[in-house]
Structures are given as structure tokens and as C-alpha cells.
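A.B. asks: Here it is, the structure in full.
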Amino acid sequence: MRASSVLVTGANGEIGHGLLTRLAAEQRSIVTLDIAPLEPSLAGLVRREFTGSITDRGLLERILAEFEIDLVFHLAALLSTRAEFTPISAHQVNVDGTLNLLEFSHHEGESHGRPVVFVYPSSIAAYGLPDLETKMRARRVREDEWNAPTTMYGCNKLYCEHLGRYYARHYKQLAADPPAGRVDFRCVRFPGLISALTVPSGGTSDYAPEMIHAAARGQAYACFVRPDTRIPFMVMPDAIDALLRLASASRERLFRTAYNLTAFSPTADEICQVVTRAFPRASVQWNTDEKRQRIVDSWPADVDDSAARRDWAFAPRYDFAGAFEEYLIPTIRERYKSECQIPNPKSQVPK
Ligand code: SER
């Protein structure tokens, strides 16, 4: 008999770190797929690690043959800044890869006779507001508003939300015996995420975590957005909680395909003030990259997450003050305690 397991793609990434730790604490059998070998701290948590691409269908077939997957967390993606430099690769990974995983999940569901729960992190990048004035007027944006993203990553995420809905409700709808319902697709639109343990790369919301980690190391940071830039954020423990809570929510309570999530919406300057108080050796300069700024300016200043709160009891634990006082500052202090001389985290566009 094949073993019943959770599949996590992109397991080496920022969300993967937190998620693997939580799943392992719950004694779940975990199978991972990542383009790079798992970091040693993660490798010990998983039952089986596959190194390879989500675009490799042969590899997905091997996983299908060997494991009974009943839950997928599909985290692998190229983020918004990186995707603008390599839009075709971004489309291949973000869209073709997701399509492969949906097809894989459909076959899994078919082979063990019940739907596979497919949890998909979409993004604030699925929105596209035309200009700053509209952004300021828009207030708390709801899921179905301003869905004209300006980035390849945002287009990819928005389209994959629709692909997920298609697989869940309309798959091969003209077949004599339509096999819909084999994929139980559930999706959140994450705001910017901030982890005390890892630093992101390739995103456009990266200025916040980069600033915080640089400050904790007592290093100067050149912030690539204006001080008044405002988008929603949440900290990683709340993001992991949200994914697990959505995965275990009862299907009949879920009335949307994609749910907004947020915890707080500070300006870049408000973040700067908190971190420079907490880490007096820190210094922040403002060195706006107009092109990346335009991307952040097209994302809402705040989102309406009432549907997630109502349907599956989303309730982030950390507000802005709590996130820094109870999670970020103490955990980051601990993380860098033994560090002496480490190179500056880059504030430039990732390669
Ligand atoms: N953090 C992502 C990015 O900046 C947004 O979801 O691309």
C-alpha cells in the first residue's frame, strides 16, 4: 500500500521552512519537491525529498506512483521582481508548474477515490491599481476589485487561482462522465510576509524584511521604496497558521476560491522607526528604485480579509506592535546573536 502523505513544493523557501516544522510537529508524513536539495535542518523532518522541477512531469509521476498524497501545499514560484527579468521562465514555473501539480492532484484524487486538498498561496500581486491616487482612495480592497495586475507574477497568480477553480468545479465539463471535484482547491492571497528566520529573495515586498534583518545586524540599508509606501504585511507564524487552518476547514464553509489575508499595513517609514528604535546601530537610507516602486504602488494599501475571518476563522495573532515586540525583535536578536561580520543584505534588484 502507498503511504498517505502531504506534498510540499518549494519546500526550501521561506514559507516552506515554517510549514515543514509545523507539519513535522504534527507527526505528518511529508514529501517535498524543490529545485534544490533541502537544507540540512529541514531534511530530517521529511519522509522523502525529491530534488527537481515542478515542470518535470516524469518526476511528478514517480511521486504519484510511490505515495498517496491527500494534501498539497504548492509553494514553488518565482516572485514578482525576479519574474520581471525572466517572464518566460516565470510563466513556465508559476503557470505550467501549477498546471502540472493540478493535473497530478486530479490523478491522485482519482486513484484514491477522494479529492486532494490543494492549498495555493496567491498574492497581493494579483491586484493592480492604476495609480497612487486610486490606491489611496481604494481603502480596503475586496477580492474581486482591481484584478488587473501589472506584473508577470501577479498575472500568473491570478490565472492560477482561476485554473484551481476550474479543476475544482468544471474540469472536463463536456465529458460523458465529468470527473470534476477531484481537486479541492483552496487559495489565500498573502500580503507581504516577514520571517524572523529567513530573508526572502526575488520579491518586491522584500524591502520590509530586508530592512529588519539589516537593522538586526547593525548594518546600513538602502530602502528601494519611498518612506510613505504602504502595503499589507503579516508575519510568518500567522501565514503558516493560515495555511494550516484553511487546509483543515470544512469544505462546505468555504464560499470563495481565493481569500484575502492581512494583519497590519504600515508605511516603510513606520517599519523603519520601529527597527531603528529596537536596533540603535541600524541606519536606513531612502534610495527609491522608481520601477520597483511602481509595482508596489500598484498593490493595495490594505485589503478586506473579512471573508477569511467569516468562513474559516482566520485570525492573525500579531498586530503591528505585537509582531515586532513578541516575535520579530526577540527572534531576530537570537538568530544573529553569534554573528560578527556578515555582508550587507542586498537592497538591489536580485539577479
Ligand atoms: N512577496 C511577493 C513579492 O514581493 C508578493 O506576494 O513578489
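As shown in the C-alpha cells, the chain order sets the letters A, B, ...; within each chain, residues go from 1, and ligands are also counted from 1 in the order they appear.
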Ligand 1: which residues are within 6 Å, counting only C-alpha atoms and all ligand atoms, as a list in words?
C.D. replies: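 The neighbouring residues of ligand 1 are, in order, Leu79, Ser80, Ser123, Ile124, Ala125, Gly192, Gly203, Thr204, Ser205 and Asp206 of chain A.
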A.B. asks: Could you find all residues in region 85-262 of chain A that DSSP calls strand (DSSP E or B) from the backbone, and write them as an MDAnalysis selection string?
C.D. replies: chainID A and resid 116:123 140:141 183:190 192:194 220:223 230 233:235 258:260
A.B. asks: Please list as a VMD selection string every residue within 8 Å of region 56-69 of chain A, counting only C-alpha atoms and excluding residues in the same chain fewer than 4 positions away.
C.D. replies: chain A and resid 2 to 7 52 100 to 101 104 to 105 108 112 116
A.B. asks: Please write the residues from the selection above to a file, keeping all heavy atoms, as a short mmCIF file (atom, residue, chain, number, x, y, z; two decimals), in the first residue's frame.
C.D. replies:
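Final file, out-v8.cif:
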```
data_model
loop_
_atom_site.label_atom_id
_atom_site.label_comp_id
_atom_site.auth_asym_id
_atom_site.auth_seq_id
_atom_site.Cartn_x
_atom_site.Cartn_y
_atom_site.Cartn_z
N ARG A 2 0.43 2.28 -0.79
CA ARG A 2 1.20 3.52 -0.79
C ARG A 2 0.93 4.30 0.49
O ARG A 2 -0.17 4.26 1.04
CB ARG A 2 0.79 4.36 -2.00
CG ARG A 2 1.18 3.70 -3.32
CD ARG A 2 0.75 4.56 -4.48
NE ARG A 2 -0.67 4.91 -4.40
CZ ARG A 2 -1.22 5.91 -5.07
NH1 ARG A 2 -0.50 6.66 -5.85
NH2 ARG A 2 -2.51 6.16 -4.95
N ALA A 3 1.97 5.03 0.93
CA ALA A 3 1.83 5.75 2.20
C ALA A 3 1.11 7.08 1.99
O ALA A 3 1.35 7.77 1.00
CB ALA A 3 3.23 6.01 2.74
N SER A 4 0.21 7.45 2.90
CA SER A 4 -0.52 8.71 2.79
C SER A 4 0.34 9.86 3.32
O SER A 4 0.83 9.81 4.44
CB SER A 4 -1.81 8.58 3.60
OG SER A 4 -2.42 9.82 3.68
N SER A 5 0.52 10.88 2.49
CA SER A 5 1.47 11.95 2.83
C SER A 5 0.99 13.31 2.36
O SER A 5 0.07 13.43 1.56
CB SER A 5 2.82 11.68 2.16
OG SER A 5 3.35 10.46 2.58
N VAL A 6 1.67 14.33 2.87
CA VAL A 6 1.47 15.72 2.43
C VAL A 6 2.60 16.07 1.47
O VAL A 6 3.76 15.79 1.77
CB VAL A 6 1.57 16.69 3.62
CG1 VAL A 6 1.34 18.13 3.18
CG2 VAL A 6 0.63 16.30 4.73
N LEU A 7 2.27 16.65 0.32
CA LEU A 7 3.32 17.08 -0.61
C LEU A 7 3.52 18.59 -0.48
O LEU A 7 2.55 19.36 -0.55
CB LEU A 7 2.92 16.74 -2.06
CG LEU A 7 3.84 17.28 -3.16
CD1 LEU A 7 5.24 16.64 -3.08
CD2 LEU A 7 3.24 17.03 -4.55
N GLY A 52 14.12 18.48 -7.85
CA GLY A 52 13.81 18.61 -9.28
C GLY A 52 12.78 19.70 -9.47
O GLY A 52 12.41 20.41 -8.54
N ASN A 100 0.72 21.47 -13.94
CA ASN A 100 1.19 20.09 -13.70
C ASN A 100 0.75 19.57 -12.34
O ASN A 100 0.33 18.42 -12.21
CB ASN A 100 2.72 20.02 -13.76
CG ASN A 100 3.25 20.18 -15.17
OD1 ASN A 100 2.50 20.05 -16.14
ND2 ASN A 100 4.53 20.48 -15.29
N LEU A 101 0.88 20.42 -11.34
CA LEU A 101 0.52 20.00 -9.98
C LEU A 101 -0.99 19.78 -9.84
O LEU A 101 -1.42 18.88 -9.13
CB LEU A 101 0.97 21.08 -8.99
CG LEU A 101 2.23 20.83 -8.17
CD1 LEU A 101 2.08 19.61 -7.28
CD2 LEU A 101 3.46 20.67 -9.03
N PHE A 104 -1.62 16.50 -11.55
CA PHE A 104 -1.11 15.48 -10.63
C PHE A 104 -2.14 15.23 -9.52
O PHE A 104 -2.47 14.09 -9.20
CB PHE A 104 0.22 15.99 -10.05
CG PHE A 104 0.70 15.29 -8.81
CD1 PHE A 104 1.53 14.19 -8.90
CD2 PHE A 104 0.34 15.76 -7.54
CE1 PHE A 104 1.98 13.54 -7.74
CE2 PHE A 104 0.78 15.12 -6.39
CZ PHE A 104 1.60 14.01 -6.50
N SER A 105 -2.66 16.31 -8.94
CA SER A 105 -3.61 16.18 -7.82
C SER A 105 -4.91 15.54 -8.29
O SER A 105 -5.52 14.75 -7.57
CB SER A 105 -3.90 17.54 -7.20
OG SER A 105 -2.69 18.11 -6.76
N GLU A 108 -4.21 11.90 -8.49
CA GLU A 108 -4.14 11.35 -7.13
C GLU A 108 -5.55 11.12 -6.59
O GLU A 108 -5.86 10.07 -6.04
CB GLU A 108 -3.41 12.33 -6.19
CG GLU A 108 -1.93 12.21 -6.15
CD GLU A 108 -1.43 10.99 -5.39
OE1 GLU A 108 -2.23 10.26 -4.78
OE2 GLU A 108 -0.22 10.76 -5.45
N HIS A 112 -7.19 7.51 -5.46
CA HIS A 112 -7.63 7.04 -4.14
C HIS A 112 -9.06 7.42 -3.80
O HIS A 112 -9.49 7.33 -2.66
CB HIS A 112 -6.62 7.32 -3.02
CG HIS A 112 -6.09 8.71 -2.93
ND1 HIS A 112 -6.76 9.73 -2.37
CD2 HIS A 112 -4.88 9.22 -3.29
CE1 HIS A 112 -6.02 10.82 -2.38
NE2 HIS A 112 -4.88 10.54 -2.94
N VAL A 116 -8.17 15.54 -3.48
CA VAL A 116 -6.93 16.02 -2.85
C VAL A 116 -7.14 17.48 -2.48
O VAL A 116 -7.60 18.28 -3.29
CB VAL A 116 -5.76 15.89 -3.85
CG1 VAL A 116 -4.52 16.62 -3.34
CG2 VAL A 116 -5.45 14.43 -4.11
#
```
A.B. asks: Using DSSP assignments from the backbone, pull out every residue in region 217-309 of chain A that falls under helix (DSSP H, G or I) and give it to me as a VMD selection string.
C.D. replies: chain A and resid 236 to 248 251 to 253 268 to 278 290 to 297 306 to 309
A.B. asks: Listing only residues of region 54-150 of chain A within 9 Å of region 154-157 of chain A, what is the closest atom pair and its distance in Å (to one decimal) for each, using only C-alpha atoms, sorted by chain and residue number ascending, as a Markdown table?
C.D. replies:
```
| residue | atom | partner | partner_atom | distance |
| --- | --- | --- | --- | --- |
| A:Leu79 | CA | A:Gly154 | CA | 8.9 |
| A:Ser80 | CA | A:Gly154 | CA | 7.1 |
| A:Ala90 | CA | A:Asn156 | CA | 8.1 |
| A:His91 | CA | A:Asn156 | CA | 6.5 |
| A:Asn94 | CA | A:Asn156 | CA | 6.0 |
| A:Val95 | CA | A:Asn156 | CA | 5.8 |
| A:Pro121 | CA | A:Lys157 | CA | 8.4 |
| A:Ser122 | CA | A:Lys157 | CA | 5.4 |
| A:Ser123 | CA | A:Lys157 | CA | 6.8 |
| A:Ile124 | CA | A:Gly154 | CA | 7.9 |
| A:Ala125 | CA | A:Gly154 | CA | 4.5 |
| A:Ala126 | CA | A:Gly154 | CA | 4.4 |
| A:Tyr127 | CA | A:Gly154 | CA | 7.1 |
| A:Gly128 | CA | A:Gly154 | CA | 8.3 |
| A:Ala148 | CA | A:Cys155 | CA | 7.9 |
| A:Pro149 | CA | A:Gly154 | CA | 5.3 |
| A:Thr150 | CA | A:Gly154 | CA | 6.8 |
```
A.B. asks: Might you pull out every residue within 12 Å of Trp286 (chain A), with only C-alpha atoms counted and same-chain residues fewer than 2 positions away left off, and present them as a ChimeraX atom specification?
C.D. replies: /A:207,211,220-229,268-269,272,283-284,288-290,293,347
A.B. asks: Save out the residues we just selected, N, CA and C atoms, as a PDB file, in the first residue's frame.
C.D. replies:
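Okay, again-v4.pdb is ready:
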```
ATOM      1  N   TYR A 207      11.497  44.803   0.757  1.00  0.00           N
ATOM      2  CA  TYR A 207      12.129  45.909   1.482  1.00  0.00           C
ATOM      3  C   TYR A 207      11.899  45.808   2.986  1.00  0.00           C
ATOM      4  N   MET A 211      15.002  45.316   5.462  1.00  0.00           N
ATOM      5  CA  MET A 211      15.306  46.416   6.388  1.00  0.00           C
ATOM      6  C   MET A 211      15.443  45.880   7.824  1.00  0.00           C
ATOM      7  N   ALA A 220      23.850  49.164   7.532  1.00  0.00           N
ATOM      8  CA  ALA A 220      23.114  50.195   6.798  1.00  0.00           C
ATOM      9  C   ALA A 220      22.248  49.524   5.736  1.00  0.00           C
ATOM     10  N   TYR A 221      21.071  50.094   5.498  1.00  0.00           N
ATOM     11  CA  TYR A 221      20.189  49.544   4.468  1.00  0.00           C
ATOM     12  C   TYR A 221      19.664  50.664   3.578  1.00  0.00           C
ATOM     13  N   ALA A 222      19.770  50.460   2.272  1.00  0.00           N
ATOM     14  CA  ALA A 222      19.230  51.429   1.321  1.00  0.00           C
ATOM     15  C   ALA A 222      17.880  50.916   0.847  1.00  0.00           C
ATOM     16  N   CYS A 223      16.832  51.532   1.331  1.00  0.00           N
ATOM     17  CA  CYS A 223      15.471  51.046   1.046  1.00  0.00           C
ATOM     18  C   CYS A 223      15.057  51.476  -0.355  1.00  0.00           C
ATOM     19  N   PHE A 224      14.513  50.510  -1.127  1.00  0.00           N
ATOM     20  CA  PHE A 224      14.238  50.808  -2.539  1.00  0.00           C
ATOM     21  C   PHE A 224      12.853  51.389  -2.791  1.00  0.00           C
ATOM     22  N   VAL A 225      12.079  51.649  -1.698  1.00  0.00           N
ATOM     23  CA  VAL A 225      10.797  52.345  -1.884  1.00  0.00           C
ATOM     24  C   VAL A 225      10.764  53.609  -1.034  1.00  0.00           C
ATOM     25  N   ARG A 226       9.814  54.500  -1.348  1.00  0.00           N
ATOM     26  CA  ARG A 226       9.672  55.754  -0.594  1.00  0.00           C
ATOM     27  C   ARG A 226       9.206  55.476   0.846  1.00  0.00           C
ATOM     28  N   PRO A 227       9.497  56.385   1.761  1.00  0.00           N
ATOM     29  CA  PRO A 227       9.066  56.187   3.155  1.00  0.00           C
ATOM     30  C   PRO A 227       7.539  56.064   3.304  1.00  0.00           C
ATOM     31  N   ASP A 228       6.772  56.726   2.422  1.00  0.00           N
ATOM     32  CA  ASP A 228       5.309  56.703   2.602  1.00  0.00           C
ATOM     33  C   ASP A 228       4.644  55.481   1.946  1.00  0.00           C
ATOM     34  N   THR A 229       5.439  54.560   1.446  1.00  0.00           N
ATOM     35  CA  THR A 229       4.879  53.376   0.773  1.00  0.00           C
ATOM     36  C   THR A 229       4.142  52.495   1.770  1.00  0.00           C
ATOM     37  N   ALA A 268       6.591  52.160   4.983  1.00  0.00           N
ATOM     38  CA  ALA A 268       8.002  51.764   5.111  1.00  0.00           C
ATOM     39  C   ALA A 268       8.669  52.578   6.224  1.00  0.00           C
ATOM     40  N   ASP A 269       8.253  53.845   6.360  1.00  0.00           N
ATOM     41  CA  ASP A 269       8.833  54.700   7.394  1.00  0.00           C
ATOM     42  C   ASP A 269       8.436  54.225   8.794  1.00  0.00           C
ATOM     43  N   CYS A 272      10.655  51.450   9.576  1.00  0.00           N
ATOM     44  CA  CYS A 272      11.991  51.994   9.852  1.00  0.00           C
ATOM     45  C   CYS A 272      12.084  52.522  11.282  1.00  0.00           C
ATOM     46  N   SER A 283      20.967  51.775  10.381  1.00  0.00           N
ATOM     47  CA  SER A 283      20.664  53.032   9.694  1.00  0.00           C
ATOM     48  C   SER A 283      20.016  52.733   8.353  1.00  0.00           C
ATOM     49  N   VAL A 284      19.019  53.547   8.026  1.00  0.00           N
ATOM     50  CA  VAL A 284      18.257  53.335   6.785  1.00  0.00           C
ATOM     51  C   VAL A 284      18.367  54.585   5.925  1.00  0.00           C
ATOM     52  N   THR A 288      15.101  55.336  -3.676  1.00  0.00           N
ATOM     53  CA  THR A 288      13.957  54.777  -4.406  1.00  0.00           C
ATOM     54  C   THR A 288      14.342  54.244  -5.777  1.00  0.00           C
ATOM     55  N   ASP A 289      13.933  53.017  -6.035  1.00  0.00           N
ATOM     56  CA  ASP A 289      14.032  52.432  -7.368  1.00  0.00           C
ATOM     57  C   ASP A 289      12.657  52.644  -8.008  1.00  0.00           C
ATOM     58  N   GLU A 290      12.589  53.609  -8.938  1.00  0.00           N
ATOM     59  CA  GLU A 290      11.277  54.036  -9.448  1.00  0.00           C
ATOM     60  C   GLU A 290      10.482  52.880 -10.053  1.00  0.00           C
ATOM     61  N   GLN A 293       9.220  50.670  -7.305  1.00  0.00           N
ATOM     62  CA  GLN A 293       8.226  51.480  -6.598  1.00  0.00           C
ATOM     63  C   GLN A 293       6.873  51.414  -7.324  1.00  0.00           C
ATOM     64  N   SER A 347      20.192  45.480  -1.292  1.00  0.00           N
ATOM     65  CA  SER A 347      18.981  46.253  -1.491  1.00  0.00           C
ATOM     66  C   SER A 347      18.721  46.421  -2.975  1.00  0.00           C
TER      67      SER A 347
END
```
A.B. asks: Work out how far CA of Gly13 (chain A) is from CA of Val46 (chain A), in Å to one decimal.
C.D. replies: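 Separation between CA of Val46 (chain A) and CA of Gly13 (chain A): 14.8 Å.
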A.B. asks: May I ask which of the residues A:Asp70, A:Val275, A:Ile240, A:Lys172 is the closest one to Glu210 (chain A), counting only C-alpha atoms?
C.D. replies: A:Val275
A.B. asks: Quick check, in Å to one decimal: how far apart do CA of Lys135 (chain A) and CA of Val296 (chain A) lie?
C.D. replies: 10.3 Å
A.B. asks: Between A:Asp144, A:Asp302, A:Asp319, A:Glu26, single out the one closest to Val235 (chain A), counting only C-alpha atoms.
C.D. replies: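 Of the candidates, the smallest distance to Val235 (chain A) is held by A:Asp319.
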A.B. asks: What's around region 137-142 of chain A at 8 Å? Count only C-alpha atoms, leave out sequence neighbours fewer than 6 positions away in its own chain, and write the answer as a PDB file with N, CA and C atoms, in the first residue's frame.
C.D. replies:
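The result, written out as around_32.pdb:
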```
ATOM      1  N   ASN A 260      -8.510  36.994   0.662  1.00  0.00           N
ATOM      2  CA  ASN A 260      -7.539  37.985   1.147  1.00  0.00           C
ATOM      3  C   ASN A 260      -7.121  37.679   2.576  1.00  0.00           C
ATOM      4  N   PRO A 300      -2.567  47.156  -3.304  1.00  0.00           N
ATOM      5  CA  PRO A 300      -3.400  47.917  -2.367  1.00  0.00           C
ATOM      6  C   PRO A 300      -2.663  48.282  -1.084  1.00  0.00           C
ATOM      7  N   ALA A 301      -3.083  49.402  -0.482  1.00  0.00           N
ATOM      8  CA  ALA A 301      -2.530  49.800   0.814  1.00  0.00           C
ATOM      9  C   ALA A 301      -3.107  48.918   1.919  1.00  0.00           C
ATOM     10  N   ASP A 302      -4.286  48.360   1.646  1.00  0.00           N
ATOM     11  CA  ASP A 302      -4.905  47.480   2.640  1.00  0.00           C
ATOM     12  C   ASP A 302      -5.905  46.590   1.895  1.00  0.00           C
ATOM     13  N   VAL A 303      -6.197  45.441   2.474  1.00  0.00           N
ATOM     14  CA  VAL A 303      -7.179  44.549   1.843  1.00  0.00           C
ATOM     15  C   VAL A 303      -8.241  44.160   2.872  1.00  0.00           C
ATOM     16  N   ASP A 304      -9.396  43.804   2.366  1.00  0.00           N
ATOM     17  CA  ASP A 304     -10.515  43.387   3.210  1.00  0.00           C
ATOM     18  C   ASP A 304     -10.440  41.869   3.371  1.00  0.00           C
ATOM     19  N   ASP A 305     -10.135  41.413   4.581  1.00  0.00           N
ATOM     20  CA  ASP A 305      -9.992  39.965   4.796  1.00  0.00           C
ATOM     21  C   ASP A 305     -11.193  39.386   5.555  1.00  0.00           C
TER      22      ASP A 305
END
```
A.B. asks: Find the residues around Pro115 (chain A) up to 9 Å (only C-alpha atoms counted), leave out those fewer than 2 positions away in its own chain, and share them as number ranges by chain.
C.D. replies: A: 70, 105-106, 108-110, 112-113, 117-118, 181-184
A.B. asks: Name the closest residue to Gly16 (chain A) among the candidates A:Pro179, A:Pro330, A:Pro237, A:Pro209; distances are taken between atoms, counting only C-alpha atoms.
C.D. replies: A:Pro237
